[in-house]
Amino acid sequence: MKLNRNTRIAAVVAFLAIVFITVPAAISASGRFDLYYTLTSVALLSIASAGVWLTFYIGRINIGQGAYALMGGYVSAILVMNHGWSFWLTLPVAGLFCAAASVLIGLPILRLRGVYFAMVTLVLTEVARLLALALPITNGAKGIVSIPLPGALSVFGITLIPDFATLQNSRLAFYLLAVTLMVVCFAIMYRLVNSRIGKLCQSLQQNEELASSIGVNIANLRVIAYAVSSFFGGVSGAIFAAISQSIYPSSFTVTDSVNFMLNCFLGGLGYVFGPMLGTLVLYFGWDLLFQTGQFQLLIYSGLMIVLMLVLPNGLLSLAETTRKKG
Amino acid sequence: MAEMLEVSGITKRFGGLVAVNNVSFSVREKEILSVIGPNGAGKSTLFKLISSFLRPTTGEVRLKGERISGLAPHIAARRGVVRTFQETTIFKNMSVRDNVIIAHHLRSKASLFGFFLGTGTAKADEAAFGQSADEILTLLGLSSLAHEIARNLPHGHLRALGIAIGLATNPSILLLDEPFAGMNHEETMRMVEMVRRLRERGLTILLVEHDMPAVMKISDRLVVLNFGQKIAEGTPSEIQANEKVIEAYLGSEDEAIGL
């Protein structure tokens with residue numbers, strides 16, 4: 001999708017205006033403050049999904065993002081609770097911890113392709129859950145609870161972000177935090193994909209042998225992409241832990257890992273903003289179907305199958321075909 | 001003429017099977033050398049050994065005196081040994097031009113992070129790659145197809161694109177894997193012309209091939225393999241007169257059926 005420069009700038013400005021001004025205004029006008037929590041979740045889930053999308057972009061099916069979200073949540077929670085760190089510091093540390101772990105895990109498993117890689121990553125989520133149950137530091141099935149809300153963030157005596165506990169509306173604060181990170185995350189992704197790195201990732205996806213014959217260090221590039229992916233997973237998990245003020249071994253399960261992947265499929269694997277749209281539609285779609293009661297899962301999965309058959313390239317491929325016709 | 005590539009005593013065993021057995025030869029600078037042999041003679045294995053896609057059991061390959069066998073393929077490519085592939089190994093969902101641009105990877109001066117930030121070096125790289133890609137496409141007669149998605153190209157052009165990708169890496173020696181396979185006479189002649197043009201630009205070329213007429217026409221020297229062993233080496237006319245070669249291709253006299 002190539003838009004001209006002005007259209008792109010206009011689209012970005014419109015998007016920022018919607019998420020930072022229109023949505024909060026609409027919510028306070030309607031009084032549906034619960035929507036803040038929903039939209040915060042969507043923003044955070046879309047960050048984790050963006051990571052999964054990046055591994056798709058190098059040609060690997062990743063069903064293991066839940067493991068890194070869980071890991072990020074625990075790293076942040078443990079640092080805050082046991083070591084008295086500020087939440088703001090634990091946020092990047094949780095991401096980096098996950099990235100480092102993913103390098104160690106990725107070096108052997110990224111050699112696998114196709115369904116074999118997918119299966120191993122599927123197991124990762126389960127391994128992470130079992131580890132969280134077994135390790136002394138994670139406090140087993142009881143999890144880590146009563147995590148304090150994020151404190152103030154000050155740099156050189158200037159308070160950039162106030163203490164969340166003193167705010168009247170911490171939901172709004174979390175919403176703004178999540179949306180800001182989502183914007184940053186997708187800006188990074190956009191830049192990655194539209195720079196030469198994106199082309200290199202595509203070359204891996206399309207033919208690894210040829211890529212290595214033209215001198216691309218494929219093992220290295222795969223690990224880098226996977227580390228970025230896991231970084232996003234860890235950051236999103238860390239904020240989830242801070243919002244719910246708790247983290248349990250079952251906070252992120254195989255179902256979440258599968259959902260991250262579905263978000264990417266639904267939005268479109270060829271479009272960098274696919275995971276964002278996919279997460280939004282999937283999250284709200286699931287909630288809307290709640291009224292159908294016992295048929296919720298049946299209708300939901302039926303719709304998913306139909307969508308994948310009709311729109312194999314995701315929802316965003318609709319926009320492209322319309323533009324071509326017009 | 002200086003020696004560009006030296007293959008000495010190279011052997012590859014797959015379990016009990018000896019695919020390539022103690023083969024030695026060398027490729028001189030700006031030479032076109034072809035490796036030929038009947039089916040199953042070990043040509044493809046030898047090709048992979050030279051391009052470092054396989055690790056030799058014993059023996060070694062040296063480029064300008066430096067050992068390259070046993071390195072990872074992308075390191076061998078960095079040293080200047082670059083291969084093309086049989087059939088249609090290209091980045092099929094990219095445009096023809098993007099295929100060639102991406103293949104300039106080894107020439108980039110900027111780091112990955114530099115490309116992410118869009119530094120001056122990265123921008124200069126991008127501009128240089130684009131220009132060089134256009135030159136290569138013109139050289140190989142692909143410029144009218146530059147913006148076509150690669151998977152839509154006809155067969156002959158795909159092979160040319162494969163060579164364009166190889167050229168973009170700026171190799172010291174280009175290894176062509178069966179460049180004439182599946183081509184009709186006209187296409188073959190066009191490809192022969194193309195390979196000659198590459199040599200005129202100072203490239204050393206090693207090719208593995210079936211198509212005898214084309215090979216005889218194009219090569220300075222040939223190496224003939226049979227059952228993994230080198231049975232002959234020499235100019236096309238020497239090879240054509242060599243009894244061992246004729247035997248390998250036509251089969252020895254078979255007394256059992258009275259020939």
# chains A, B, ... in the order shown; residues from 1 in each chain; ligands from 1
>>> select_by_dssp(residues="stretch 106-230 of chain A", states="helix (DSSP H, G or I)", output="PyMOL selection string")
chain A and resi 106-109+114-134+136-138+140-142+164-166+170-194+196-206+208-213+218-230
>>> interface_residues(of="chain B", to="chain A", cutoff="10 Å", atoms="only C-alpha atoms", output="PyMOL selection string")
chain B and resi 51-53+72-85+89-94+98-99+101-107+111-118+122+126+162+165-171
>>> closest_residue(among="A:Arg222, A:Arg60, A:Arg129, A:Arg32", to="A:Tyr116", atoms="only C-alpha atoms")
A:Arg60
>>> atom_distance(atom1="atom CA of B:Ser108", atom2="atom CA of A:Thr55")
24.0 Å
>>> residues_around(residues="A:Ala242", least_positions_apart="2", cutoff="12 Å", atoms="only C-alpha atoms", output="ChimeraX atom specification")
/A:44,72-81,86-88,90-91,144-151,164-165,170-171,174,177-178,235-240,244-247
>>> residues_around(residues="A:Thr125", least_positions_apart="2", cutoff="7 Å", atoms="only C-alpha atoms", output="PyMOL selection string")
chain A and resi 64+66-67+121-123+127-129+253-254
>>> residues_around(residues="stretch 130-138 of chain B", least_positions_apart="2", cutoff="8 Å", atoms="only C-alpha atoms", output="list of chain:residue names")
B:Arg97, B:Val100, B:Ile101, B:Glu126, B:Ala127, B:Ala128, B:Leu140, B:Gly141, B:Leu142, B:Ser143, B:Ala146, B:Ala164, B:Leu167, B:Ala168
>>> select_by_dssp(residues="stretch 3-248 of chain B", states="strand (DSSP E or B)", output="number ranges by chain")
B: 3-14, 17-28, 32-36, 58-63, 66-67, 81-83, 95, 149, 173-177, 204-208, 221-226, 229-234
>>> write_last_selection(atoms="C-alpha atoms", output="short mmCIF file (atom, residue, chain, number, x, y, z; two decimals), in the first residue's frame")
data_model
loop_
_atom_site.label_atom_id
_atom_site.label_comp_id
_atom_site.auth_asym_id
_atom_site.auth_seq_id
_atom_site.Cartn_x
_atom_site.Cartn_y
_atom_site.Cartn_z
CA GLU B 3 44.41 -18.69 -10.35
CA MET B 4 41.13 -17.47 -8.92
CA LEU B 5 39.67 -20.61 -7.39
CA GLU B 6 41.47 -23.74 -6.39
CA VAL B 7 39.74 -27.00 -5.57
CA SER B 8 42.16 -29.46 -4.05
CA GLY B 9 41.48 -33.08 -3.21
CA ILE B 10 37.86 -32.48 -2.34
CA THR B 11 35.77 -35.45 -1.19
CA LYS B 12 32.19 -35.63 0.04
CA ARG B 13 30.71 -38.74 1.60
CA PHE B 14 27.03 -39.17 2.39
CA LEU B 17 28.10 -43.09 -0.74
CA VAL B 18 31.05 -41.14 -2.08
CA ALA B 19 29.40 -38.38 -4.11
CA VAL B 20 32.59 -36.53 -4.94
CA ASN B 21 35.88 -38.37 -4.77
CA ASN B 22 39.22 -36.57 -4.50
CA VAL B 23 38.56 -33.95 -7.18
CA SER B 24 41.11 -31.23 -7.88
CA PHE B 25 41.14 -28.46 -10.47
CA SER B 26 41.50 -24.73 -10.59
CA VAL B 27 39.72 -21.86 -12.26
CA ARG B 28 41.84 -19.07 -13.68
CA ILE B 32 34.75 -19.66 -18.15
CA LEU B 33 35.13 -23.17 -16.83
CA SER B 34 32.38 -25.76 -17.08
CA VAL B 35 31.91 -28.87 -15.03
CA ILE B 36 30.10 -31.53 -17.01
CA THR B 58 38.14 -33.91 3.19
CA GLY B 59 39.96 -31.47 0.93
CA GLU B 60 39.44 -27.76 0.56
CA VAL B 61 38.45 -24.91 -1.71
CA ARG B 62 40.57 -21.76 -1.84
CA LEU B 63 39.67 -18.40 -3.33
CA GLU B 66 42.22 -18.08 1.08
CA ARG B 67 40.37 -21.13 2.34
CA VAL B 81 32.01 -16.80 -4.23
CA VAL B 82 28.37 -16.45 -5.23
CA ARG B 83 26.11 -19.06 -6.75
CA SER B 95 9.39 -6.75 -8.07
CA ILE B 149 6.39 -9.00 -9.80
CA ILE B 173 33.59 -15.73 -9.18
CA LEU B 174 30.03 -16.49 -10.18
CA LEU B 175 28.85 -20.09 -10.03
CA LEU B 176 26.03 -20.84 -12.47
CA ASP B 177 23.95 -23.93 -11.78
CA THR B 204 35.29 -15.38 -13.55
CA ILE B 205 32.61 -17.97 -14.22
CA LEU B 206 32.23 -21.58 -13.24
CA LEU B 207 29.22 -23.39 -14.55
CA VAL B 208 27.71 -26.80 -14.11
CA ARG B 221 38.11 -25.26 -20.39
CA LEU B 222 36.04 -28.13 -19.08
CA VAL B 223 36.23 -30.55 -16.21
CA VAL B 224 34.45 -33.87 -16.70
CA LEU B 225 33.13 -35.87 -13.77
CA ASN B 226 31.92 -39.43 -13.73
CA GLN B 229 35.72 -38.64 -10.00
CA LYS B 230 37.40 -36.28 -12.39
CA ILE B 231 38.05 -38.20 -15.58
CA ALA B 232 39.24 -35.41 -17.83
CA GLU B 233 40.17 -31.76 -17.98
CA GLY B 234 40.98 -29.57 -20.96
#
